[in-house]
$ cat my_file38.pdb   # PDB, N, CA and C atoms
MODEL        1
ATOM      1  N   MET A 223       8.341  16.279 -16.420
ATOM      2  CA  MET A 223       9.655  16.149 -15.835
ATOM      3  C   MET A 223      10.299  14.891 -16.403
ATOM      4  N   SER A 224      11.498  14.988 -16.850
ATOM      5  CA  SER A 224      12.194  13.839 -17.408
ATOM      6  C   SER A 224      12.935  13.083 -16.310
ATOM      7  N   HIS A 225      13.279  11.854 -16.617
ATOM      8  CA  HIS A 225      13.972  11.006 -15.660
ATOM      9  C   HIS A 225      15.479  11.211 -15.781
ATOM     10  N   HIS A 226      16.123  11.532 -14.685
ATOM     11  CA  HIS A 226      17.574  11.566 -14.641
ATOM     12  C   HIS A 226      18.019  11.288 -13.214
ATOM     13  N   LEU A 227      19.267  11.037 -13.037
ATOM     14  CA  LEU A 227      19.815  10.569 -11.770
ATOM     15  C   LEU A 227      19.530  11.509 -10.605
ATOM     16  N   PHE A 228      19.421  12.793 -10.837
ATOM     17  CA  PHE A 228      19.287  13.734  -9.737
ATOM     18  C   PHE A 228      17.867  13.908  -9.234
ATOM     19  N   ASN A 229      16.864  13.505 -10.025
ATOM     20  CA  ASN A 229      15.509  13.685  -9.528
ATOM     21  C   ASN A 229      14.813  12.381  -9.173
ATOM     22  N   ASP A 230      15.332  11.234  -9.604
ATOM     23  CA  ASP A 230      14.665   9.979  -9.319
ATOM     24  C   ASP A 230      15.571   8.807  -9.632
ATOM     25  N   ARG A 231      15.566   7.789  -8.761
ATOM     26  CA  ARG A 231      16.368   6.599  -9.003
ATOM     27  C   ARG A 231      15.578   5.520  -9.726
ATOM     28  N   ARG A 232      14.303   5.722  -9.945
ATOM     29  CA  ARG A 232      13.460   4.704 -10.548
ATOM     30  C   ARG A 232      13.718   4.594 -12.042
ATOM     31  N   LYS A 233      13.422   3.407 -12.578
ATOM     32  CA  LYS A 233      13.614   3.176 -14.007
ATOM     33  C   LYS A 233      12.510   3.806 -14.838
ATOM     34  N   CYS A 234      11.311   3.908 -14.280
ATOM     35  CA  CYS A 234      10.214   4.555 -14.997
ATOM     36  C   CYS A 234       9.553   5.563 -14.061
ATOM     37  N   LEU A 235       9.038   6.622 -14.622
ATOM     38  CA  LEU A 235       8.400   7.663 -13.819
ATOM     39  C   LEU A 235       7.097   7.156 -13.225
ATOM     40  N   ARG A 236       6.741   7.693 -12.085
ATOM     41  CA  ARG A 236       5.485   7.339 -11.438
ATOM     42  C   ARG A 236       4.607   8.565 -11.328
ATOM     43  N   LYS A 237       3.301   8.317 -11.260
ATOM     44  CA  LYS A 237       2.377   9.422 -11.075
ATOM     45  C   LYS A 237       1.644   9.255  -9.757
ATOM     46  N   PRO A 238       1.318  10.344  -9.100
ATOM     47  CA  PRO A 238       0.611  10.255  -7.815
ATOM     48  C   PRO A 238      -0.792   9.690  -8.011
ATOM     49  N   LEU A 239      -1.193   8.810  -7.130
ATOM     50  CA  LEU A 239      -2.543   8.248  -7.155
ATOM     51  C   LEU A 239      -2.872   7.793  -5.748
ATOM     52  N   ARG A 240      -3.943   8.306  -5.198
ATOM     53  CA  ARG A 240      -4.372   7.897  -3.851
ATOM     54  C   ARG A 240      -5.670   7.123  -4.007
ATOM     55  N   GLU A 241      -5.567   5.820  -3.802
ATOM     56  CA  GLU A 241      -6.712   4.940  -3.970
ATOM     57  C   GLU A 241      -6.629   3.821  -2.925
ATOM     58  N   PRO A 242      -7.757   3.438  -2.320
ATOM     59  CA  PRO A 242      -7.712   2.396  -1.294
ATOM     60  C   PRO A 242      -7.297   1.042  -1.882
ATOM     61  N   VAL A 243      -6.494   0.298  -1.123
ATOM     62  CA  VAL A 243      -6.040  -1.028  -1.542
ATOM     63  C   VAL A 243      -6.055  -1.978  -0.348
ATOM     64  N   LYS A 244      -6.018  -3.260  -0.647
ATOM     65  CA  LYS A 244      -5.835  -4.302   0.347
ATOM     66  C   LYS A 244      -4.542  -5.012  -0.015
ATOM     67  N   ILE A 245      -3.709  -5.290   0.993
ATOM     68  CA  ILE A 245      -2.431  -5.935   0.717
ATOM     69  C   ILE A 245      -2.350  -7.265   1.462
ATOM     70  N   ARG A 246      -1.531  -8.152   0.915
ATOM     71  CA  ARG A 246      -1.289  -9.444   1.552
ATOM     72  C   ARG A 246       0.167  -9.831   1.341
ATOM     73  N   LEU A 247       0.826 -10.148   2.434
ATOM     74  CA  LEU A 247       2.210 -10.630   2.419
ATOM     75  C   LEU A 247       2.201 -12.019   3.040
ATOM     76  N   GLY A 248       2.375 -13.043   2.234
ATOM     77  CA  GLY A 248       2.312 -14.409   2.741
ATOM     78  C   GLY A 248       0.895 -14.767   3.139
ATOM     79  N   ASP A 249       0.778 -15.703   4.078
ATOM     80  CA  ASP A 249      -0.539 -16.142   4.528
ATOM     81  C   ASP A 249      -1.012 -15.434   5.789
ATOM     82  N   VAL A 250      -0.107 -14.757   6.486
ATOM     83  CA  VAL A 250      -0.441 -14.202   7.786
ATOM     84  C   VAL A 250      -0.675 -12.695   7.745
ATOM     85  N   ILE A 251       0.178 -11.959   7.076
ATOM     86  CA  ILE A 251       0.138 -10.499   7.129
ATOM     87  C   ILE A 251      -0.804  -9.954   6.058
ATOM     88  N   ARG A 252      -1.859  -9.305   6.518
ATOM     89  CA  ARG A 252      -2.832  -8.669   5.633
ATOM     90  C   ARG A 252      -3.143  -7.284   6.183
ATOM     91  N   GLY A 253      -3.595  -6.419   5.306
ATOM     92  CA  GLY A 253      -3.927  -5.095   5.784
ATOM     93  C   GLY A 253      -4.567  -4.224   4.726
ATOM     94  N   ASP A 254      -4.994  -3.062   5.152
ATOM     95  CA  ASP A 254      -5.578  -2.051   4.281
ATOM     96  C   ASP A 254      -4.615  -0.893   4.174
ATOM     97  N   GLY A 255      -4.742  -0.158   3.102
ATOM     98  CA  GLY A 255      -3.897   1.013   2.904
ATOM     99  C   GLY A 255      -4.363   1.789   1.697
ATOM    100  N   TYR A 256      -3.451   2.578   1.153
ATOM    101  CA  TYR A 256      -3.758   3.342  -0.058
ATOM    102  C   TYR A 256      -2.487   3.474  -0.886
ATOM    103  N   THR A 257      -2.676   3.703  -2.168
ATOM    104  CA  THR A 257      -1.532   3.889  -3.047
ATOM    105  C   THR A 257      -1.003   5.301  -2.886
ATOM    106  N   LYS A 258       0.291   5.436  -2.977
ATOM    107  CA  LYS A 258       0.924   6.759  -2.948
ATOM    108  C   LYS A 258       1.231   7.197  -4.372
ATOM    109  N   ASP A 259       1.865   6.300  -5.131
ATOM    110  CA  ASP A 259       2.124   6.566  -6.539
ATOM    111  C   ASP A 259       2.228   5.245  -7.293
ATOM    112  N   ILE A 260       2.039   5.333  -8.614
ATOM    113  CA  ILE A 260       2.073   4.142  -9.456
ATOM    114  C   ILE A 260       2.889   4.427 -10.706
ATOM    115  N   GLY A 261       3.376   3.364 -11.297
ATOM    116  CA  GLY A 261       4.077   3.428 -12.569
ATOM    117  C   GLY A 261       3.800   2.153 -13.329
ATOM    118  N   THR A 262       4.280   2.048 -14.538
ATOM    119  CA  THR A 262       3.997   0.848 -15.318
ATOM    120  C   THR A 262       4.666  -0.393 -14.737
ATOM    121  N   ARG A 263       5.752  -0.231 -14.000
ATOM    122  CA  ARG A 263       6.477  -1.382 -13.437
ATOM    123  C   ARG A 263       6.397  -1.499 -11.927
ATOM    124  N   GLY A 264       5.838  -0.510 -11.246
ATOM    125  CA  GLY A 264       5.848  -0.561  -9.796
ATOM    126  C   GLY A 264       4.752   0.248  -9.149
ATOM    127  N   ILE A 265       4.643   0.064  -7.836
ATOM    128  CA  ILE A 265       3.627   0.762  -7.057
ATOM    129  C   ILE A 265       4.174   0.993  -5.647
ATOM    130  N   CYS A 266       3.772   2.101  -5.045
ATOM    131  CA  CYS A 266       4.137   2.398  -3.665
ATOM    132  C   CYS A 266       2.847   2.457  -2.858
ATOM    133  N   VAL A 267       2.794   1.671  -1.775
ATOM    134  CA  VAL A 267       1.601   1.553  -0.953
ATOM    135  C   VAL A 267       1.923   2.038   0.458
ATOM    136  N   VAL A 268       1.012   2.795   1.043
ATOM    137  CA  VAL A 268       1.137   3.242   2.433
ATOM    138  C   VAL A 268       0.144   2.439   3.263
ATOM    139  N   SER A 269       0.663   1.696   4.236
ATOM    140  CA  SER A 269      -0.183   0.874   5.096
ATOM    141  C   SER A 269       0.531   0.601   6.413
ATOM    142  N   PRO A 270      -0.061   0.999   7.537
ATOM    143  CA  PRO A 270       0.574   0.717   8.829
ATOM    144  C   PRO A 270       0.387  -0.732   9.279
ATOM    145  N   ASP A 271      -0.536  -1.463   8.680
ATOM    146  CA  ASP A 271      -0.875  -2.807   9.149
ATOM    147  C   ASP A 271       0.286  -3.798   9.132
ATOM    148  N   PRO A 272       1.083  -3.917   8.074
ATOM    149  CA  PRO A 272       2.168  -4.905   8.105
ATOM    150  C   PRO A 272       3.209  -4.625   9.180
ATOM    151  N   PHE A 273       3.372  -3.369   9.553
ATOM    152  CA  PHE A 273       4.402  -2.992  10.515
ATOM    153  C   PHE A 273       3.954  -3.211  11.961
ATOM    154  N   SER A 274       2.690  -3.566  12.177
ATOM    155  CA  SER A 274       2.214  -3.813  13.534
ATOM    156  C   SER A 274       2.592  -5.212  14.030
ATOM    157  N   TYR A 275       3.126  -6.052  13.153
ATOM    158  CA  TYR A 275       3.487  -7.413  13.523
ATOM    159  C   TYR A 275       4.893  -7.535  14.108
ATOM    160  N   PHE A 276       5.725  -6.516  13.934
ATOM    161  CA  PHE A 276       7.110  -6.602  14.409
ATOM    162  C   PHE A 276       7.671  -5.211  14.627
ATOM    163  N   ARG A 277       8.837  -5.136  15.222
ATOM    164  CA  ARG A 277       9.497  -3.859  15.489
ATOM    165  C   ARG A 277      10.084  -3.284  14.191
ATOM    166  N   PRO A 278      10.285  -1.971  14.112
ATOM    167  CA  PRO A 278      10.814  -1.347  12.889
ATOM    168  C   PRO A 278      12.155  -1.910  12.437
ATOM    169  N   GLU A 279      13.024  -2.273  13.375
ATOM    170  CA  GLU A 279      14.341  -2.796  12.973
ATOM    171  C   GLU A 279      14.251  -4.196  12.375
ATOM    172  N   GLN A 280      13.107  -4.846  12.492
ATOM    173  CA  GLN A 280      12.907  -6.163  11.902
ATOM    174  C   GLN A 280      12.229  -6.105  10.534
ATOM    175  N   ALA A 281      11.975  -4.922  10.013
ATOM    176  CA  ALA A 281      11.227  -4.762   8.768
ATOM    177  C   ALA A 281      11.935  -5.367   7.560
ATOM    178  N   ASP A 282      13.232  -5.576   7.661
ATOM    179  CA  ASP A 282      13.968  -6.139   6.535
ATOM    180  C   ASP A 282      13.525  -7.549   6.172
ATOM    181  N   ILE A 283      12.799  -8.216   7.043
ATOM    182  CA  ILE A 283      12.339  -9.563   6.704
ATOM    183  C   ILE A 283      11.313  -9.539   5.561
ATOM    184  N   LEU A 284      10.733  -8.365   5.291
ATOM    185  CA  LEU A 284       9.774  -8.241   4.195
ATOM    186  C   LEU A 284      10.437  -8.019   2.835
ATOM    187  N   MET A 285      11.710  -7.659   2.838
ATOM    188  CA  MET A 285      12.406  -7.414   1.569
ATOM    189  C   MET A 285      12.419  -8.677   0.714
ATOM    190  N   ASP A 286      12.206  -8.505  -0.576
ATOM    191  CA  ASP A 286      12.208  -9.584  -1.565
ATOM    192  C   ASP A 286      11.102 -10.609  -1.354
ATOM    193  N   LYS A 287      10.085 -10.270  -0.579
ATOM    194  CA  LYS A 287       8.937 -11.161  -0.391
ATOM    195  C   LYS A 287       7.863 -10.832  -1.421
ATOM    196  N   THR A 288       7.046 -11.815  -1.734
ATOM    197  CA  THR A 288       5.944 -11.619  -2.668
ATOM    198  C   THR A 288       4.797 -10.908  -1.964
ATOM    199  N   MET A 289       4.241  -9.906  -2.626
ATOM    200  CA  MET A 289       3.143  -9.134  -2.065
ATOM    201  C   MET A 289       2.020  -9.062  -3.091
ATOM    202  N   LEU A 290       0.776  -9.206  -2.629
ATOM    203  CA  LEU A 290      -0.401  -9.026  -3.462
ATOM    204  C   LEU A 290      -1.079  -7.723  -3.071
ATOM    205  N   VAL A 291      -1.411  -6.918  -4.058
ATOM    206  CA  VAL A 291      -2.134  -5.671  -3.832
ATOM    207  C   VAL A 291      -3.427  -5.744  -4.632
ATOM    208  N   THR A 292      -4.552  -5.626  -3.950
ATOM    209  CA  THR A 292      -5.853  -5.657  -4.604
ATOM    210  C   THR A 292      -6.429  -4.251  -4.604
ATOM    211  N   MET A 293      -6.842  -3.808  -5.779
ATOM    212  CA  MET A 293      -7.485  -2.502  -5.922
ATOM    213  C   MET A 293      -8.971  -2.764  -6.162
ATOM    214  N   PRO A 294      -9.789  -2.769  -5.092
ATOM    215  CA  PRO A 294     -11.201  -3.136  -5.244
ATOM    216  C   PRO A 294     -11.979  -2.208  -6.168
ATOM    217  N   GLY A 295     -11.636  -0.937  -6.174
ATOM    218  CA  GLY A 295     -12.351   0.022  -7.013
ATOM    219  C   GLY A 295     -12.133  -0.195  -8.502
ATOM    220  N   ARG A 296     -11.050  -0.843  -8.869
ATOM    221  CA  ARG A 296     -10.735  -1.096 -10.281
ATOM    222  C   ARG A 296     -10.804  -2.574 -10.633
ATOM    223  N   SER A 297     -11.173  -3.421  -9.660
ATOM    224  CA  SER A 297     -11.225  -4.875  -9.856
ATOM    225  C   SER A 297      -9.919  -5.386 -10.449
ATOM    226  N   LEU A 298      -8.827  -5.049  -9.784
ATOM    227  CA  LEU A 298      -7.498  -5.365 -10.280
ATOM    228  C   LEU A 298      -6.640  -5.906  -9.141
ATOM    229  N   THR A 299      -5.867  -6.951  -9.434
ATOM    230  CA  THR A 299      -4.934  -7.513  -8.462
ATOM    231  C   THR A 299      -3.534  -7.476  -9.050
ATOM    232  N   LEU A 300      -2.586  -6.987  -8.259
ATOM    233  CA  LEU A 300      -1.193  -6.887  -8.677
ATOM    234  C   LEU A 300      -0.347  -7.799  -7.799
ATOM    235  N   GLN A 301       0.595  -8.484  -8.404
ATOM    236  CA  GLN A 301       1.521  -9.320  -7.657
ATOM    237  C   GLN A 301       2.926  -8.848  -7.963
ATOM    238  N   GLY A 302       3.760  -8.805  -6.944
ATOM    239  CA  GLY A 302       5.115  -8.333  -7.158
ATOM    240  C   GLY A 302       6.031  -8.644  -5.991
ATOM    241  N   THR A 303       7.221  -8.058  -6.064
ATOM    242  CA  THR A 303       8.253  -8.269  -5.064
ATOM    243  C   THR A 303       8.536  -6.962  -4.335
ATOM    244  N   VAL A 304       8.593  -7.023  -3.015
ATOM    245  CA  VAL A 304       8.890  -5.834  -2.207
ATOM    246  C   VAL A 304      10.352  -5.446  -2.414
ATOM    247  N   VAL A 305      10.583  -4.185  -2.806
ATOM    248  CA  VAL A 305      11.944  -3.715  -3.065
ATOM    249  C   VAL A 305      12.373  -2.577  -2.150
ATOM    250  N   ARG A 306      11.399  -1.945  -1.473
ATOM    251  CA  ARG A 306      11.758  -0.837  -0.576
ATOM    252  C   ARG A 306      10.770  -0.795   0.574
ATOM    253  N   ILE A 307      11.292  -0.552   1.768
ATOM    254  CA  ILE A 307      10.473  -0.454   2.973
ATOM    255  C   ILE A 307      10.887   0.800   3.733
ATOM    256  N   ASN A 308       9.902   1.590   4.164
ATOM    257  CA  ASN A 308      10.173   2.753   4.990
ATOM    258  C   ASN A 308       9.245   2.674   6.198
ATOM    259  N   THR A 309       9.781   2.272   7.341
ATOM    260  CA  THR A 309       8.952   2.102   8.529
ATOM    261  C   THR A 309       8.500   3.433   9.133
ATOM    262  N   ARG A 310       9.226   4.482   8.872
ATOM    263  CA  ARG A 310       8.861   5.797   9.407
ATOM    264  C   ARG A 310       7.583   6.320   8.758
ATOM    265  N   THR A 311       7.425   6.085   7.440
ATOM    266  CA  THR A 311       6.243   6.562   6.716
ATOM    267  C   THR A 311       5.270   5.438   6.376
ATOM    268  N   ASN A 312       5.559   4.203   6.835
ATOM    269  CA  ASN A 312       4.711   3.029   6.571
ATOM    270  C   ASN A 312       4.542   2.739   5.085
ATOM    271  N   GLU A 313       5.605   2.888   4.327
ATOM    272  CA  GLU A 313       5.553   2.673   2.880
ATOM    273  C   GLU A 313       6.202   1.354   2.481
ATOM    274  N   LEU A 314       5.587   0.712   1.509
ATOM    275  CA  LEU A 314       6.126  -0.484   0.871
ATOM    276  C   LEU A 314       6.109  -0.234  -0.625
ATOM    277  N   ALA A 315       7.231  -0.394  -1.288
ATOM    278  CA  ALA A 315       7.283  -0.260  -2.743
ATOM    279  C   ALA A 315       7.541  -1.636  -3.330
ATOM    280  N   MET A 316       6.861  -1.941  -4.428
ATOM    281  CA  MET A 316       7.065  -3.244  -5.044
ATOM    282  C   MET A 316       7.198  -3.117  -6.546
ATOM    283  N   VAL A 317       7.950  -4.036  -7.112
ATOM    284  CA  VAL A 317       8.071  -4.176  -8.555
ATOM    285  C   VAL A 317       7.013  -5.181  -8.975
ATOM    286  N   ILE A 318       6.219  -4.833  -9.961
ATOM    287  CA  ILE A 318       5.106  -5.679 -10.385
ATOM    288  C   ILE A 318       5.602  -6.774 -11.314
ATOM    289  N   THR A 319       5.206  -8.021 -10.992
ATOM    290  CA  THR A 319       5.563  -9.154 -11.841
ATOM    291  C   THR A 319       4.358  -9.721 -12.581
ATOM    292  N   HIS A 320       3.149  -9.510 -12.046
ATOM    293  CA  HIS A 320       1.949 -10.052 -12.680
ATOM    294  C   HIS A 320       0.752  -9.181 -12.307
ATOM    295  N   THR A 321      -0.168  -9.028 -13.264
ATOM    296  CA  THR A 321      -1.416  -8.307 -12.993
ATOM    297  C   THR A 321      -2.586  -9.159 -13.463
ATOM    298  N   SER A 322      -3.752  -8.916 -12.883
ATOM    299  CA  SER A 322      -4.950  -9.648 -13.313
ATOM    300  C   SER A 322      -5.529  -9.072 -14.597
ATOM    301  N   GLY A 323      -5.101  -7.885 -14.974
ATOM    302  CA  GLY A 323      -5.560  -7.252 -16.213
ATOM    303  C   GLY A 323      -4.491  -6.324 -16.751
ATOM    304  N   ASN A 324      -3.623  -6.845 -17.595
ATOM    305  CA  ASN A 324      -2.494  -6.049 -18.089
ATOM    306  C   ASN A 324      -2.920  -4.782 -18.819
ATOM    307  N   GLU A 325      -3.927  -4.880 -19.675
ATOM    308  CA  GLU A 325      -4.355  -3.706 -20.440
ATOM    309  C   GLU A 325      -4.972  -2.644 -19.535
ATOM    310  N   ARG A 326      -5.790  -3.079 -18.563
ATOM    311  CA  ARG A 326      -6.375  -2.106 -17.619
ATOM    312  C   ARG A 326      -5.289  -1.432 -16.801
ATOM    313  N   TRP A 327      -4.282  -2.192 -16.360
ATOM    314  CA  TRP A 327      -3.197  -1.619 -15.569
ATOM    315  C   TRP A 327      -2.418  -0.603 -16.386
ATOM    316  N   LYS A 328      -2.057  -0.954 -17.592
ATOM    317  CA  LYS A 328      -1.269  -0.056 -18.441
ATOM    318  C   LYS A 328      -2.057   1.202 -18.798
ATOM    319  N   SER A 329      -3.376   1.080 -18.951
ATOM    320  CA  SER A 329      -4.164   2.238 -19.364
ATOM    321  C   SER A 329      -4.180   3.349 -18.314
ATOM    322  N   PHE A 330      -4.229   3.026 -17.025
ATOM    323  CA  PHE A 330      -4.281   4.101 -16.045
ATOM    324  C   PHE A 330      -2.956   4.337 -15.330
ATOM    325  N   SER A 331      -1.949   3.478 -15.525
ATOM    326  CA  SER A 331      -0.667   3.692 -14.840
ATOM    327  C   SER A 331       0.262   4.589 -15.631
ATOM    328  N   ARG A 332      -0.088   4.945 -16.827
ATOM    329  CA  ARG A 332       0.769   5.842 -17.641
ATOM    330  C   ARG A 332       0.430   7.277 -17.416
TER     331      ARG A 332
ENDMDL
END
$ encode --input "my_file38.pdb" --output "structure tokens"
Amino acid sequence: MSHHLFNDRRKCLRKPLREPVKIRLGDVIRGDGYTKDIGTRGICVVSPDPFSYFRPEQADILMDKTMLVTMPGRSLTLQGTVVRINTRTNELAMVITHTSGNERWKSFSR
């Protein structure tokens, strides 16, 4: 499927991947979850843990915050900025700014 305005707003296509992850937002908010989909520039994580700290209407405080995602099964850590929050489905999407292994990330995210 090619990328165009009617099927996706993302800059790069993502592929489905369900893998356990650990997330960290700041020093206080931590949790477990799983990946929904990945791409070379971003990742979408499903985790109810960050949303247990506040009400759904307060979720905007997480926008533009730095988030760490650790993939224990691949020994990989991703750092990025939260760009989308969906409290109904417990999803957090982030744009990746740094990885602990660029070549490993690129090899399986394509």
$ residues_around --input "my_file38.pdb" --residues "Leu247 in chain A" --least-positions-apart "4" --cutoff "10 Å" --atoms "only C-alpha atoms" --output "PyMOL selection string"
chain A and resi 251-253+272+284+287-291+303-304
$ axis_aligned_box --input "my_file38.pdb" --around "range 284-294 of chain A" --padding-each-side "6 Å" --output "JSON"
{"center_x": 0.2, "center_y": -7.0, "center_z": -0.4, "size_x": 36.4, "size_y": 21.6, "size_z": 23.5}
$ residues_around --input "my_file38.pdb" --residues "Thr321 in chain A" --least-positions-apart "5" --cutoff "5 Å" --atoms "all atoms listed in the file" --output "PyMOL selection string"
chain A and resi 299-301
$ resolve_selection --input "my_file38.pdb" --expression "the PyMOL selection byres ((chain A and resi 315) around 6)" --output "VMD selection string"
chain A and resid 265 to 267 303 to 307 313 to 314 316 to 317
$ atom_distance --input "my_file38.pdb" --atom1 "CA of Phe276 in chain A" --atom2 "CA of Val243 in chain A"
21.4 Å
$ select_by_dssp --input "my_file38.pdb" --residues "chain A" --states "strand (DSSP E)" --output "PyMOL selection string"
chain A and resi 237-238+242-247+251-260+264-268+288-293+298-308+313-321
$ atom_distance --input "my_file38.pdb" --atom1 "atom C of Ser269 in chain A" --atom2 "CA of Arg332 in chain A"
24.6 Å
$ resolve_selection --input "my_file38.pdb" --expression "the PyMOL selection byres (((chain A and resi 257-260 and name CA) around 8) and name CA)" --output "PyMOL selection string"
chain A and resi 236-243+255-256+261-262+264-268+331
$ write_last_selection --input "my_file38.pdb" --atoms "N, CA and C atoms" --output "PDB file, keeping the file's coordinate frame"
ATOM      1  N   ARG A 236       6.741   7.693 -12.085  1.00  0.00           N
ATOM      2  CA  ARG A 236       5.485   7.339 -11.438  1.00  0.00           C
ATOM      3  C   ARG A 236       4.607   8.565 -11.328  1.00  0.00           C
ATOM      4  N   LYS A 237       3.301   8.317 -11.260  1.00  0.00           N
ATOM      5  CA  LYS A 237       2.377   9.422 -11.075  1.00  0.00           C
ATOM      6  C   LYS A 237       1.644   9.255  -9.757  1.00  0.00           C
ATOM      7  N   PRO A 238       1.318  10.344  -9.100  1.00  0.00           N
ATOM      8  CA  PRO A 238       0.611  10.255  -7.815  1.00  0.00           C
ATOM      9  C   PRO A 238      -0.792   9.690  -8.011  1.00  0.00           C
ATOM     10  N   LEU A 239      -1.193   8.810  -7.130  1.00  0.00           N
ATOM     11  CA  LEU A 239      -2.543   8.248  -7.155  1.00  0.00           C
ATOM     12  C   LEU A 239      -2.872   7.793  -5.748  1.00  0.00           C
ATOM     13  N   ARG A 240      -3.943   8.306  -5.198  1.00  0.00           N
ATOM     14  CA  ARG A 240      -4.372   7.897  -3.851  1.00  0.00           C
ATOM     15  C   ARG A 240      -5.670   7.123  -4.007  1.00  0.00           C
ATOM     16  N   GLU A 241      -5.567   5.820  -3.802  1.00  0.00           N
ATOM     17  CA  GLU A 241      -6.712   4.940  -3.970  1.00  0.00           C
ATOM     18  C   GLU A 241      -6.629   3.821  -2.925  1.00  0.00           C
ATOM     19  N   PRO A 242      -7.757   3.438  -2.320  1.00  0.00           N
ATOM     20  CA  PRO A 242      -7.712   2.396  -1.294  1.00  0.00           C
ATOM     21  C   PRO A 242      -7.297   1.042  -1.882  1.00  0.00           C
ATOM     22  N   VAL A 243      -6.494   0.298  -1.123  1.00  0.00           N
ATOM     23  CA  VAL A 243      -6.040  -1.028  -1.542  1.00  0.00           C
ATOM     24  C   VAL A 243      -6.055  -1.978  -0.348  1.00  0.00           C
ATOM     25  N   GLY A 255      -4.742  -0.158   3.102  1.00  0.00           N
ATOM     26  CA  GLY A 255      -3.897   1.013   2.904  1.00  0.00           C
ATOM     27  C   GLY A 255      -4.363   1.789   1.697  1.00  0.00           C
ATOM     28  N   TYR A 256      -3.451   2.578   1.153  1.00  0.00           N
ATOM     29  CA  TYR A 256      -3.758   3.342  -0.058  1.00  0.00           C
ATOM     30  C   TYR A 256      -2.487   3.474  -0.886  1.00  0.00           C
ATOM     31  N   GLY A 261       3.376   3.364 -11.297  1.00  0.00           N
ATOM     32  CA  GLY A 261       4.077   3.428 -12.569  1.00  0.00           C
ATOM     33  C   GLY A 261       3.800   2.153 -13.329  1.00  0.00           C
ATOM     34  N   THR A 262       4.280   2.048 -14.538  1.00  0.00           N
ATOM     35  CA  THR A 262       3.997   0.848 -15.318  1.00  0.00           C
ATOM     36  C   THR A 262       4.666  -0.393 -14.737  1.00  0.00           C
ATOM     37  N   GLY A 264       5.838  -0.510 -11.246  1.00  0.00           N
ATOM     38  CA  GLY A 264       5.848  -0.561  -9.796  1.00  0.00           C
ATOM     39  C   GLY A 264       4.752   0.248  -9.149  1.00  0.00           C
ATOM     40  N   ILE A 265       4.643   0.064  -7.836  1.00  0.00           N
ATOM     41  CA  ILE A 265       3.627   0.762  -7.057  1.00  0.00           C
ATOM     42  C   ILE A 265       4.174   0.993  -5.647  1.00  0.00           C
ATOM     43  N   CYS A 266       3.772   2.101  -5.045  1.00  0.00           N
ATOM     44  CA  CYS A 266       4.137   2.398  -3.665  1.00  0.00           C
ATOM     45  C   CYS A 266       2.847   2.457  -2.858  1.00  0.00           C
ATOM     46  N   VAL A 267       2.794   1.671  -1.775  1.00  0.00           N
ATOM     47  CA  VAL A 267       1.601   1.553  -0.953  1.00  0.00           C
ATOM     48  C   VAL A 267       1.923   2.038   0.458  1.00  0.00           C
ATOM     49  N   VAL A 268       1.012   2.795   1.043  1.00  0.00           N
ATOM     50  CA  VAL A 268       1.137   3.242   2.433  1.00  0.00           C
ATOM     51  C   VAL A 268       0.144   2.439   3.263  1.00  0.00           C
ATOM     52  N   SER A 331      -1.949   3.478 -15.525  1.00  0.00           N
ATOM     53  CA  SER A 331      -0.667   3.692 -14.840  1.00  0.00           C
ATOM     54  C   SER A 331       0.262   4.589 -15.631  1.00  0.00           C
TER      55      SER A 331
END
$ atom_distance --input "my_file38.pdb" --atom1 "CA of Ala281 in chain A" --atom2 "CA of Lys244 in chain A"
19.0 Å
$ closest_residue --input "my_file38.pdb" --among "A:Thr292, A:Leu298, A:Asp254, A:Arg310" --to "Arg277 in chain A" --atoms "only C-alpha atoms"
A:Arg310
$ closest_residue --input "my_file38.pdb" --among "A:Thr309, A:Ser329, A:Gly323, A:Leu235" --to "Ser274 in chain A" --atoms "only C-alpha atoms"
A:Thr309
